[in-house]
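Listing of structure_17.csv, CSV, C-alpha atoms
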```
chain,number,residue,atom,x,y,z
A,1,MET,CA,10.1,180.4,222.6
A,2,SER,CA,12.9,182.1,220.6
A,3,LEU,CA,13.9,185.6,219.5
A,4,LEU,CA,16.0,186.3,216.4
A,5,ASP,CA,17.6,189.7,216.0
A,6,THR,CA,19.6,190.2,212.8
A,7,THR,CA,22.1,192.7,211.4
A,8,ARG,CA,22.1,192.6,207.6
A,9,PRO,CA,24.0,194.7,205.1
A,10,SER,CA,22.1,197.4,203.2
A,11,THR,CA,25.0,198.5,201.0
A,12,PRO,CA,28.5,197.1,200.4
A,13,GLY,CA,30.7,198.0,203.3
A,14,LYS,CA,27.9,199.3,205.4
A,15,LEU,CA,25.7,197.6,208.0
A,16,LYS,CA,22.2,198.7,208.6
A,17,GLN,CA,20.7,197.8,212.0
A,18,GLU,CA,17.5,195.8,211.3
A,19,LYS,CA,15.6,193.7,213.8
A,20,SER,CA,13.6,190.5,213.2
A,21,LEU,CA,12.3,188.1,215.8
A,22,LEU,CA,11.0,184.6,215.9
A,23,TYR,CA,8.9,183.8,218.9
A,24,LEU,CA,8.0,180.2,219.6
A,25,GLN,CA,6.5,178.0,222.2
A,26,THR,CA,6.3,174.2,222.1
A,27,HIS,CA,3.5,171.8,223.2
A,28,HIS,CA,0.6,173.5,224.9
A,29,GLN,CA,2.4,176.8,225.0
A,30,ARG,CA,4.0,176.6,221.5
A,31,SER,CA,4.3,179.9,219.8
A,32,LEU,CA,6.5,181.5,217.1
A,33,ARG,CA,7.1,185.3,216.7
A,34,LEU,CA,8.5,186.8,213.6
A,35,TYR,CA,8.9,190.4,214.3
A,36,SER,CA,10.4,192.8,211.9
A,37,SER,CA,11.1,196.5,211.2
A,38,LEU,CA,12.6,195.7,207.8
A,39,SER,CA,12.0,197.3,204.4
A,40,LYS,CA,9.2,196.1,202.2
A,41,PHE,CA,11.6,193.9,200.3
A,42,ALA,CA,12.8,192.2,203.5
A,43,LEU,CA,9.3,191.9,204.8
A,44,SER,CA,8.3,190.2,201.7
A,45,SER,CA,11.1,187.8,202.2
A,46,PHE,CA,9.8,186.9,205.6
A,47,PHE,CA,6.3,186.4,204.3
A,48,PHE,CA,7.9,183.9,201.9
A,49,LEU,CA,9.4,182.2,205.0
A,50,ILE,CA,6.0,182.2,206.7
A,51,ILE,CA,4.2,180.7,203.7
A,52,PHE,CA,7.1,178.1,203.4
A,53,LEU,CA,6.5,177.2,207.1
A,54,PHE,CA,2.8,176.8,206.6
A,55,PHE,CA,3.2,174.4,203.7
A,56,SER,CA,6.2,172.5,205.1
A,57,LEU,CA,4.3,171.8,208.3
A,58,LEU,CA,1.3,170.3,206.4
A,59,SER,CA,1.8,166.6,206.9
A,60,SER,CA,-0.8,164.8,204.9
A,61,PRO,CA,-1.4,165.5,201.2
A,62,SER,CA,-4.9,165.6,200.0
A,63,SER,CA,-6.4,163.5,197.2
A,64,PRO,CA,-7.6,165.2,194.0
A,65,SER,CA,-11.2,164.5,195.0
A,66,ASN,CA,-10.8,166.3,198.3
A,67,ARG,CA,-8.5,169.1,197.1
A,68,SER,CA,-11.3,171.4,196.0
A,69,LYS,CA,-13.1,170.8,199.3
A,70,ILE,CA,-10.2,172.1,201.4
A,71,THR,CA,-8.9,174.8,199.2
A,72,ASN,CA,-10.7,177.6,201.1
A,73,SER,CA,-9.3,176.4,204.5
A,74,LEU,CA,-5.6,176.1,203.4
A,75,PRO,CA,-3.1,179.0,202.9
A,76,GLY,CA,-2.9,180.3,199.4
A,77,GLY,CA,-4.7,182.5,196.9
A,78,SER,CA,-4.9,186.3,196.6
A,79,GLN,CA,-7.7,186.7,199.2
A,80,TRP,CA,-5.6,184.7,201.8
A,81,GLU,CA,-2.5,186.8,200.9
A,82,LYS,CA,-4.4,190.0,201.4
A,83,LYS,CA,-5.7,188.8,204.8
A,84,VAL,CA,-2.2,187.8,205.8
A,85,LEU,CA,-0.8,191.3,204.8
A,86,LYS,CA,-3.6,193.1,206.6
A,87,SER,CA,-3.3,191.1,209.8
A,88,ALA,CA,0.5,191.3,209.9
A,89,ARG,CA,0.7,195.1,209.2
A,90,PRO,CA,1.6,197.0,212.3
A,91,LYS,CA,-0.4,200.1,213.2
A,92,LEU,CA,2.6,202.1,214.3
A,93,ARG,CA,5.5,203.0,212.0
A,94,ALA,CA,8.0,201.5,214.4
A,95,GLY,CA,5.8,198.5,215.2
A,96,PHE,CA,6.8,194.9,214.5
A,97,THR,CA,5.3,192.1,212.4
A,98,VAL,CA,4.8,189.1,214.7
A,99,PHE,CA,4.3,185.5,213.7
A,100,VAL,CA,2.9,183.5,216.6
A,101,THR,CA,2.6,179.7,216.6
A,102,GLY,CA,0.2,178.2,219.1
A,103,ALA,CA,-1.8,181.4,218.7
A,104,ALA,CA,-5.0,179.7,219.8
A,105,GLY,CA,-3.3,178.3,222.9
A,106,PHE,CA,-3.6,179.9,226.3
A,107,VAL,CA,-0.4,181.9,226.4
A,108,GLY,CA,-0.3,182.4,222.6
A,109,THR,CA,-3.7,184.0,222.6
A,110,HIS,CA,-2.8,186.4,225.4
A,111,VAL,CA,0.6,187.3,223.9
A,112,SER,CA,-1.1,187.9,220.5
A,113,VAL,CA,-3.7,190.3,221.9
A,114,ALA,CA,-1.0,192.2,223.9
A,115,LEU,CA,1.2,192.6,220.8
A,116,LYS,CA,-1.7,193.8,218.7
A,117,ARG,CA,-2.8,196.3,221.4
A,118,ARG,CA,0.6,197.9,221.5
A,119,GLY,CA,0.6,198.4,217.8
A,120,ASP,CA,2.4,195.3,216.4
A,121,GLY,CA,1.1,193.3,213.4
A,122,VAL,CA,0.2,189.7,214.3
A,123,LEU,CA,-0.1,186.6,212.2
A,124,GLY,CA,-1.0,183.4,214.0
A,125,LEU,CA,-0.5,179.7,213.4
A,126,ASP,CA,-2.1,176.8,215.4
A,127,ASN,CA,-2.6,173.1,214.8
A,128,PHE,CA,-5.8,172.9,216.9
A,129,ASN,CA,-4.8,169.6,218.3
A,130,HIS,CA,-7.0,167.6,220.7
A,131,TYR,CA,-4.7,167.8,223.8
A,132,TYR,CA,-7.8,169.5,225.3
A,133,ASP,CA,-11.2,170.8,224.1
A,134,VAL,CA,-10.7,172.2,220.6
A,135,ASN,CA,-13.9,174.3,221.1
A,136,LEU,CA,-12.1,176.5,223.6
A,137,LYS,CA,-9.2,177.0,221.1
A,138,ARG,CA,-11.7,177.9,218.4
A,139,ASP,CA,-13.3,180.4,220.7
A,140,ARG,CA,-9.9,181.9,221.5
A,141,GLN,CA,-9.4,182.2,217.7
A,142,LYS,CA,-12.7,184.1,217.4
A,143,VAL,CA,-11.5,186.4,220.1
A,144,LEU,CA,-8.3,187.0,218.3
A,145,GLU,CA,-10.1,187.8,215.1
A,146,ARG,CA,-12.2,190.4,216.9
A,147,SER,CA,-9.7,191.8,219.4
A,148,ALA,CA,-6.4,191.4,217.6
A,149,GLN,CA,-7.5,190.7,214.1
A,150,ALA,CA,-4.8,188.1,213.9
A,151,GLY,CA,-5.0,185.5,211.1
A,152,VAL,CA,-4.9,182.0,212.6
A,153,ARG,CA,-4.5,179.0,210.3
A,154,TYR,CA,-4.4,175.2,210.6
A,155,ALA,CA,-0.9,174.0,209.6
A,156,MET,CA,-0.3,170.4,210.5
A,157,GLN,CA,-1.7,167.2,211.9
A,158,ASN,CA,-2.0,166.7,215.7
A,159,PRO,CA,1.4,166.1,217.4
A,160,LYS,CA,1.7,162.4,218.5
A,161,SER,CA,3.7,163.1,221.6
A,162,TYR,CA,5.7,165.5,223.6
A,163,VAL,CA,8.7,164.3,221.7
A,164,ASN,CA,7.3,165.2,218.3
A,165,SER,CA,6.2,168.6,219.5
A,166,ASN,CA,9.0,169.7,221.9
A,167,ILE,CA,12.0,168.1,220.2
A,168,ALA,CA,11.3,167.2,216.5
A,169,GLY,CA,9.1,170.3,215.8
A,170,PHE,CA,11.6,172.5,217.6
A,171,VAL,CA,14.5,171.2,215.6
A,172,ASN,CA,12.6,171.9,212.4
A,173,LEU,CA,12.1,175.5,213.4
A,174,LEU,CA,15.7,175.9,214.5
A,175,GLU,CA,16.9,174.5,211.2
A,176,VAL,CA,14.8,177.1,209.3
A,177,CYS,CA,16.1,179.9,211.6
A,178,LYS,CA,19.8,179.0,211.3
A,179,SER,CA,19.6,179.0,207.5
A,180,ALA,CA,17.7,182.3,207.3
A,181,ASP,CA,19.4,185.5,206.1
A,182,PRO,CA,19.1,187.5,208.2
A,183,GLN,CA,18.7,185.0,211.2
A,184,PRO,CA,16.1,185.9,213.7
A,185,ALA,CA,16.7,186.0,217.4
A,186,ILE,CA,14.8,183.4,219.3
A,187,VAL,CA,12.8,183.6,222.5
A,188,TRP,CA,11.2,180.2,223.4
A,189,ALA,CA,9.0,178.8,226.1
A,190,SER,CA,10.8,176.3,228.3
A,191,SER,CA,9.3,175.2,231.6
A,192,SER,CA,9.9,175.2,235.4
A,193,SER,CA,9.5,171.4,235.1
A,194,VAL,CA,13.2,171.2,234.0
A,195,TYR,CA,14.1,171.7,237.7
A,196,GLY,CA,12.7,168.2,238.4
A,197,LEU,CA,13.9,166.8,241.6
A,198,ASN,CA,15.9,169.8,242.5
A,199,LYS,CA,15.6,170.6,246.3
A,200,ARG,CA,17.2,174.0,246.4
A,201,VAL,CA,14.7,176.8,247.1
A,202,PRO,CA,14.0,179.1,245.3
A,203,PHE,CA,14.8,177.5,242.0
A,204,SER,CA,17.6,179.5,240.3
A,205,GLU,CA,18.7,179.4,236.6
A,206,LYS,CA,22.1,178.3,237.9
A,207,ASP,CA,20.7,175.2,239.6
A,208,ARG,CA,21.2,171.8,238.0
A,209,THR,CA,18.4,170.6,235.7
A,210,ASP,CA,19.6,167.0,234.9
A,211,GLN,CA,17.0,165.2,237.0
A,212,PRO,CA,13.7,165.6,235.2
A,213,ALA,CA,10.7,164.0,237.0
A,214,SER,CA,8.5,163.5,233.9
A,215,LEU,CA,8.7,162.9,230.2
A,216,TYR,CA,7.5,166.4,229.5
A,217,ALA,CA,10.3,167.9,231.7
A,218,ALA,CA,12.8,165.7,229.8
A,219,THR,CA,11.7,167.1,226.4
A,220,LYS,CA,12.0,170.6,227.7
A,221,LYS,CA,15.4,169.9,229.0
A,222,ALA,CA,16.3,168.5,225.6
A,223,GLY,CA,15.1,171.7,224.1
A,224,GLU,CA,17.4,173.7,226.3
A,225,ALA,CA,20.3,171.5,225.2
A,226,LEU,CA,19.3,172.0,221.6
A,227,VAL,CA,19.3,175.8,221.8
A,228,HIS,CA,22.7,175.8,223.4
A,229,SER,CA,24.1,173.8,220.4
A,230,TYR,CA,22.4,176.0,217.8
A,231,ASN,CA,23.6,179.1,219.6
A,232,HIS,CA,27.2,177.8,219.8
A,233,ILE,CA,27.4,176.4,216.2
A,234,TYR,CA,25.3,178.8,214.2
A,235,GLY,CA,25.3,182.1,216.1
A,236,LEU,CA,21.5,182.2,216.9
A,237,SER,CA,20.6,184.6,219.6
A,238,ILE,CA,18.4,182.6,222.0
A,239,THR,CA,16.4,183.4,225.2
A,240,GLY,CA,14.6,180.6,227.1
A,241,LEU,CA,11.8,181.4,229.5
A,242,ARG,CA,10.9,178.9,232.3
A,243,PHE,CA,7.2,179.4,233.1
A,244,PHE,CA,5.9,178.6,236.5
A,245,THR,CA,2.3,177.3,236.7
A,246,VAL,CA,0.5,179.9,234.5
A,247,TYR,CA,-3.2,180.5,235.2
A,248,GLY,CA,-6.0,182.9,234.3
A,249,PRO,CA,-8.9,183.5,232.0
A,250,TRP,CA,-9.0,181.4,228.8
A,251,GLY,CA,-6.7,178.9,230.5
A,252,ARG,CA,-6.2,175.2,230.0
A,253,PRO,CA,-8.9,172.8,231.2
A,254,ASP,CA,-6.2,170.2,232.3
A,255,MET,CA,-4.8,172.5,234.9
A,256,ALA,CA,-5.8,172.0,238.6
A,257,TYR,CA,-7.4,175.5,239.1
A,258,PHE,CA,-9.5,175.0,236.0
A,259,PHE,CA,-10.9,171.5,236.7
A,260,PHE,CA,-11.2,172.2,240.4
A,261,THR,CA,-13.5,175.0,239.6
A,262,LYS,CA,-15.5,172.8,237.2
A,263,ASN,CA,-15.8,170.0,239.7
A,264,ILE,CA,-16.6,172.2,242.7
A,265,LEU,CA,-19.5,173.8,240.8
A,266,LYS,CA,-20.8,170.4,239.8
A,267,GLY,CA,-20.5,169.0,243.3
A,268,LYS,CA,-17.9,166.4,242.3
A,269,GLU,CA,-15.0,165.3,244.4
A,270,ILE,CA,-11.6,166.8,243.9
A,271,GLY,CA,-8.3,165.2,244.8
A,272,VAL,CA,-5.8,167.3,246.8
A,273,TYR,CA,-2.3,165.8,247.0
A,274,GLU,CA,-0.1,165.7,250.0
A,275,THR,CA,3.6,164.9,250.4
A,276,ALA,CA,4.8,161.9,252.4
A,277,ASP,CA,5.2,164.0,255.5
A,278,GLY,CA,1.6,165.3,255.3
A,279,LYS,CA,2.2,168.7,253.7
A,280,SER,CA,0.1,170.1,250.9
A,281,VAL,CA,1.8,170.3,247.4
A,282,ALA,CA,2.7,173.9,246.7
A,283,ARG,CA,3.0,175.8,243.4
A,284,ASP,CA,4.4,179.1,242.3
A,285,PHE,CA,1.1,180.2,240.6
A,286,THR,CA,1.8,183.0,238.1
A,287,TYR,CA,-1.0,185.1,236.5
A,288,ILE,CA,-1.1,185.2,232.7
A,289,ASP,CA,-0.8,189.0,232.5
A,290,ASP,CA,2.5,188.8,234.4
A,291,ILE,CA,3.8,186.1,232.0
A,292,VAL,CA,2.8,188.1,229.0
A,293,LYS,CA,4.8,191.1,230.3
A,294,GLY,CA,7.8,188.9,230.7
A,295,CYS,CA,7.5,187.5,227.2
A,296,LEU,CA,7.3,190.9,225.6
A,297,ALA,CA,10.2,192.2,227.7
A,298,ALA,CA,12.3,189.2,226.6
A,299,LEU,CA,11.4,189.8,222.9
A,300,ASP,CA,12.2,193.5,223.2
A,301,THR,CA,15.6,193.0,224.8
A,302,ALA,CA,16.9,190.3,222.6
A,303,LYS,CA,20.1,191.0,220.7
A,304,ASN,CA,20.8,190.2,217.1
A,305,SER,CA,21.9,186.8,216.0
A,306,THR,CA,25.5,186.8,214.6
A,307,GLY,CA,25.2,184.3,211.8
A,308,SER,CA,23.7,184.3,208.3
A,309,GLY,CA,22.8,181.5,206.0
A,310,GLY,CA,23.9,178.8,208.5
A,311,LYS,CA,27.3,180.4,209.1
A,312,LYS,CA,28.3,181.8,212.5
A,313,ARG,CA,30.1,185.2,212.5
A,314,GLY,CA,30.7,185.6,216.2
A,315,PRO,CA,29.5,184.8,219.7
A,316,ALA,CA,25.7,185.3,220.1
A,317,GLN,CA,23.4,186.0,223.1
A,318,LEU,CA,22.2,183.0,225.1
A,319,ARG,CA,19.9,183.7,228.1
A,320,VAL,CA,17.4,181.8,230.3
A,321,PHE,CA,15.0,183.4,232.8
A,322,ASN,CA,12.5,182.1,235.4
A,323,LEU,CA,9.1,183.8,235.0
A,324,GLY,CA,7.2,183.1,238.2
A,325,ASN,CA,5.4,184.9,241.0
A,326,THR,CA,8.1,183.9,243.6
A,327,SER,CA,5.3,183.2,246.1
A,328,PRO,CA,4.5,179.5,246.3
A,329,VAL,CA,1.0,178.7,247.6
A,330,PRO,CA,-0.2,175.3,248.9
A,331,VAL,CA,-2.8,173.7,246.7
A,332,SER,CA,-5.0,173.4,249.8
A,333,LYS,CA,-5.0,177.3,249.9
A,334,LEU,CA,-5.9,177.4,246.2
A,335,VAL,CA,-9.0,175.3,247.0
A,336,SER,CA,-9.9,177.5,249.9
A,337,ILE,CA,-9.8,180.6,247.7
A,338,LEU,CA,-11.9,178.9,245.0
A,339,GLU,CA,-14.5,177.9,247.7
A,340,LYS,CA,-14.7,181.5,248.8
A,341,LEU,CA,-15.1,182.9,245.3
A,342,LEU,CA,-17.5,180.2,244.1
A,343,LYS,CA,-19.5,180.2,247.4
A,344,VAL,CA,-19.5,176.4,247.3
A,345,LYS,CA,-17.8,174.0,249.6
A,346,ALA,CA,-15.5,171.6,247.9
A,347,LYS,CA,-15.7,167.9,248.3
A,348,LYS,CA,-12.0,167.2,249.0
A,349,LYS,CA,-10.3,163.9,249.0
A,350,VAL,CA,-6.7,163.9,250.3
A,351,LEU,CA,-4.4,161.7,248.3
A,352,PRO,CA,-0.7,160.8,248.4
A,353,LEU,CA,1.4,162.5,245.8
A,354,PRO,CA,1.8,159.9,242.9
A,355,ARG,CA,5.1,159.1,241.3
A,356,ASN,CA,4.0,160.1,237.9
A,357,GLY,CA,6.1,163.2,237.4
A,358,ASP,CA,4.5,165.6,239.9
A,359,VAL,CA,6.9,167.4,242.2
A,360,GLU,CA,6.3,168.5,245.8
A,361,PHE,CA,6.7,172.3,245.2
A,362,THR,CA,7.9,174.9,242.7
A,363,HIS,CA,9.4,178.3,243.7
A,364,ALA,CA,11.0,180.7,241.2
A,365,ASN,CA,14.0,182.9,241.9
A,366,ILE,CA,13.2,185.8,239.5
A,367,SER,CA,16.1,188.1,240.3
A,368,SER,CA,17.7,187.7,236.9
A,369,ALA,CA,14.4,188.5,235.1
A,370,GLN,CA,13.9,191.5,237.4
A,371,ARG,CA,17.4,192.8,236.7
A,372,GLU,CA,17.6,192.2,232.9
A,373,LEU,CA,13.9,192.4,231.8
A,374,GLY,CA,12.4,194.6,234.4
A,375,TYR,CA,10.0,191.7,235.2
A,376,MET,CA,7.8,192.4,238.2
A,377,PRO,CA,4.8,190.1,238.8
A,378,ALA,CA,2.0,192.1,240.3
A,379,THR,CA,-0.9,189.7,240.7
A,380,ASP,CA,-1.5,187.6,243.9
A,381,LEU,CA,-3.3,184.3,243.7
A,382,GLU,CA,-6.7,185.5,245.1
A,383,THR,CA,-6.8,188.5,242.7
A,384,GLY,CA,-5.9,186.3,239.7
A,385,LEU,CA,-8.4,183.6,240.6
A,386,LYS,CA,-11.1,186.2,241.0
A,387,LYS,CA,-10.6,187.3,237.4
A,388,PHE,CA,-10.5,183.6,236.3
A,389,VAL,CA,-13.7,182.7,238.1
A,390,ARG,CA,-15.5,185.8,236.6
A,391,TRP,CA,-14.4,184.6,233.1
A,392,TYR,CA,-15.2,181.0,233.8
A,393,THR,CA,-18.8,181.6,235.0
A,394,GLY,CA,-19.4,183.9,232.1
A,395,TYR,CA,-17.9,181.6,229.5
A,396,PHE,CA,-19.9,178.5,230.6
A,397,SER,CA,-23.1,180.4,231.4
A,398,GLY,CA,-24.3,180.5,227.8
A,399,SER,CA,-24.2,184.3,227.9
A,400,LYS,CA,-23.7,186.1,224.5
A,401,LYS,CA,-20.8,187.9,226.2
A,402,LYS,CA,-19.1,184.7,227.2
A,403,LYS,CA,-16.6,184.9,224.3
A,404,SER,CA,-15.5,188.5,224.9
A,405,TRP,CA,-11.9,189.2,226.0
```

What is this file in structure tokens?
Amino acid sequence: MSLLDTTRPSTPGKLKQEKSLLYLQTHHQRSLRLYSSLSKFALSSFFFLIIFLFFSLLSSPSSPSNRSKITNSLPGGSQWEKKVLKSARPKLRAGFTVFVTGAAGFVGTHVSVALKRRGDGVLGLDNFNHYYDVNLKRDRQKVLERSAQAGVRYAMQNPKSYVNSNIAGFVNLLEVCKSADPQPAIVWASSSSVYGLNKRVPFSEKDRTDQPASLYAATKKAGEALVHSYNHIYGLSITGLRFFTVYGPWGRPDMAYFFFTKNILKGKEIGVYETADGKSVARDFTYIDDIVKGCLAALDTAKNSTGSGGKKRGPAQLRVFNLGNTSPVPVSKLVSILEKLLKVKAKKKVLPLPRNGDVEFTHANISSAQRELGYMPATDLETGLKKFVRWYTGYFSGSKKKKSW
């Protein structure tokens, strides 16, 4: 996730403060925010960038015989341009225009709705990959079109790996940003997984992150190294957010709280991991609404980038924050809460923690985010799970209201 704030000259010898922001998340939480209070001319320039990104990310050319078939689904044409402009136009005069990639993802959807509700314009981008059920992403898209009226478009083929998404894709975006004039400020989604085998508790942004325990964590660590380089060389203002086990309505089916709920209701066995000394694995579960508040606060406090057209003019802001609940809960407790809310006894099977990248615990030190962003998580696990279960049972019940926000 990245923010880009720029200062660009309006007349010779005079600088006019103008703000633009690029917000991006990689992999399942990949999102890009272009946020601007520029003049119509500058805004048009950014729409050109948006259209460029859309077309540059398309990875497979169509044959002449198929071209007419897919014309309506691809960007382009006067009707599409009108929809883009309408979707991206802020309701408030001081509002921002926000470009969100991964807009049909879990965090991307919630961030998009929050931005729209506060009066910002929103334009969404998503590749609708098959990392998990695409139908859920399509339903999130429908919610966005009703609640946020955000345009969401297919832009590229499915990522082949974490490396393609979290490193190669990220570099492509950084390259566009560093060459832009004005440069945006960048706020991007890193992950608590970068702490890897770190044993210091709670995890602080000052702790070492050179012992990743999974490939995913390694790619996120690589992303943090990349943003340091682009900040140092090109003057990009960059803020990284390390998310801690995000959960809530419209969440990801591959997360434990989600598939535990599914299997408990179906009477299927669930695996609960324990450490070598017999303790339950613990996670710093963080409710989606708290994460969204942190994202928006990071976007709103980002400073301008200092470069233009790929040339650095001075030192630029470089920040990283933990966004967690700072209250780790054993997974066994998570199961107990779900049993209570679902009114069904879980069929539990205790298993040893595998050596496949899982860590024994996560625990966020959020003092920096509290001090600089005003970040204050307000949702305990039972309250958050109650909201998730209410959504889950409604969504999968076949009710006509299942797809409401």

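Among the candidate residues A:Tyr195, A:Tyr234, A:Tyr257, A:Tyr216, the one lying nearest to Ala316 in chain A is A:Tyr234, with distances computed using all atoms listed in the file.
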
Interatomic distance between CA of Leu92 in chain A and CA of Leu296 in chain A? 16.6 Å

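In this comparison, which uses all atoms listed in the file, the residue of A:Gly196, A:Gly240, A:Gly235, A:Pro328 approaching Ala282 in chain A most closely is A:Pro328.
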
If we count only C-alpha atoms, what is near Lys116 in chain A at a cut-off of 10 Å, once residues fewer than 4 positions away on the same chain are taken out, given as a ChimeraX atom specification? /A:87-91,95-98,111-112,120-123,144,147-150

Go through A:Thr261, A:Ser237, A:Gln183, A:Asn365 one by one, measure the shortest atom-to-atom distance of each to Leu338 in chain A using only C-alpha atoms, and give the residue with the smallest value.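 Smallest distance to Leu338 in chain A is found for A:Thr261.
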
Which residues come within 12 Å of Lys347 in chain A, counting all atoms listed in the file, excluding same-chain residues fewer than 2 positions away, as a PDB file with C-alpha atoms, keeping the file's coordinate frame?
```
ATOM      1  CA  PHE A 260     -11.200 172.200 240.400  1.00  0.00           C
ATOM      2  CA  THR A 261     -13.500 175.000 239.600  1.00  0.00           C
ATOM      3  CA  ASN A 263     -15.800 170.000 239.700  1.00  0.00           C
ATOM      4  CA  ILE A 264     -16.600 172.200 242.700  1.00  0.00           C
ATOM      5  CA  LEU A 265     -19.500 173.800 240.800  1.00  0.00           C
ATOM      6  CA  LYS A 266     -20.800 170.400 239.800  1.00  0.00           C
ATOM      7  CA  GLY A 267     -20.500 169.000 243.300  1.00  0.00           C
ATOM      8  CA  LYS A 268     -17.900 166.400 242.300  1.00  0.00           C
ATOM      9  CA  GLU A 269     -15.000 165.300 244.400  1.00  0.00           C
ATOM     10  CA  ILE A 270     -11.600 166.800 243.900  1.00  0.00           C
ATOM     11  CA  GLY A 271      -8.300 165.200 244.800  1.00  0.00           C
ATOM     12  CA  VAL A 272      -5.800 167.300 246.800  1.00  0.00           C
ATOM     13  CA  VAL A 335      -9.000 175.300 247.000  1.00  0.00           C
ATOM     14  CA  SER A 336      -9.900 177.500 249.900  1.00  0.00           C
ATOM     15  CA  GLU A 339     -14.500 177.900 247.700  1.00  0.00           C
ATOM     16  CA  VAL A 344     -19.500 176.400 247.300  1.00  0.00           C
ATOM     17  CA  LYS A 345     -17.800 174.000 249.600  1.00  0.00           C
ATOM     18  CA  LYS A 349     -10.300 163.900 249.000  1.00  0.00           C
ATOM     19  CA  VAL A 350      -6.700 163.900 250.300  1.00  0.00           C
TER      20      VAL A 350
END
```

Atom pair CA of Ser332 in chain A / CA of Asp207 in chain A: separation (Å):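 Between CA of Ser332 in chain A and CA of Asp207 in chain A the gap is 27.7 Å.
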
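Every protein, DNA or RNA residue with an atom at most 10 Å from Ser327 in chain A, where only C-alpha atoms count and chain neighbours fewer than 2 positions away do not, is listed here: Pro202, Ala282, Arg283, Asp284, Phe285, Thr286, Gly324, Asn325, Val329, Thr362, His363, Ala364, Asn365, Asp380 and Leu381 of chain A.
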
To one decimal in Å, tell me the separation between CA of Ala378 in chain A and CA of Val246 in chain A.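 A separation of 13.6 Å between them.
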
Name the closest residue to Asn135 in chain A among the candidates A:Ser193, A:Trp250, A:Lys206, A:Ser165; distances are taken between atoms, counting only C-alpha atoms.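 That would be A:Trp250, the residue with the smallest distance to Asn135 in chain A.
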
Restricting the calculation to all atoms listed in the file: of A:Thr379, A:Val227, A:Ala94, A:Val113, which residue gets closest to Cys177 in chain A?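 Checking each candidate against Cys177 in chain A, we get A:Val227 as the closest.
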
Near-Glu274 in chain A list (6 Å; all atoms listed in the file; drop same-chain fewer than 6 positions) as a compact mmCIF listing (two decimals) with C-alpha atoms, keeping the file's coordinate frame:
```txt
# COMPACT_ATOMS: atom_id res chain seq x y z
CA SER A 280 0.10 170.10 250.90
CA VAL A 281 1.80 170.30 247.40
CA PRO A 352 -0.70 160.80 248.40
CA LEU A 353 1.40 162.50 245.80
```

Tell me which of A:Tyr287, A:Phe203, A:Phe388, A:Tyr230 sits closest to Gly307 in chain A, counting only C-alpha atoms.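 Between A:Tyr287, A:Phe203, A:Phe388, A:Tyr230, the residue approaching Gly307 in chain A most closely is A:Tyr230.
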
Leu341 in chain A: which residues within 8 Å, counting only C-alpha atoms, same-chain residues fewer than 3 positions away excluded, as an NGL selection string? :A and (337-338 or 386 or 389)

Output C-alpha atoms for every residue in that selection, as an mmCIF file, keeping the file's coordinate frame.
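In the end it all went to selection-v6.cif:
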```cif
data_model
loop_
_atom_site.group_PDB
_atom_site.id
_atom_site.type_symbol
_atom_site.label_atom_id
_atom_site.label_comp_id
_atom_site.auth_asym_id
_atom_site.auth_seq_id
_atom_site.Cartn_x
_atom_site.Cartn_y
_atom_site.Cartn_z
ATOM 1 C CA ILE A 337 -9.800 180.600 247.700
ATOM 2 C CA LEU A 338 -11.900 178.900 245.000
ATOM 3 C CA LYS A 386 -11.100 186.200 241.000
ATOM 4 C CA VAL A 389 -13.700 182.700 238.100
#
```
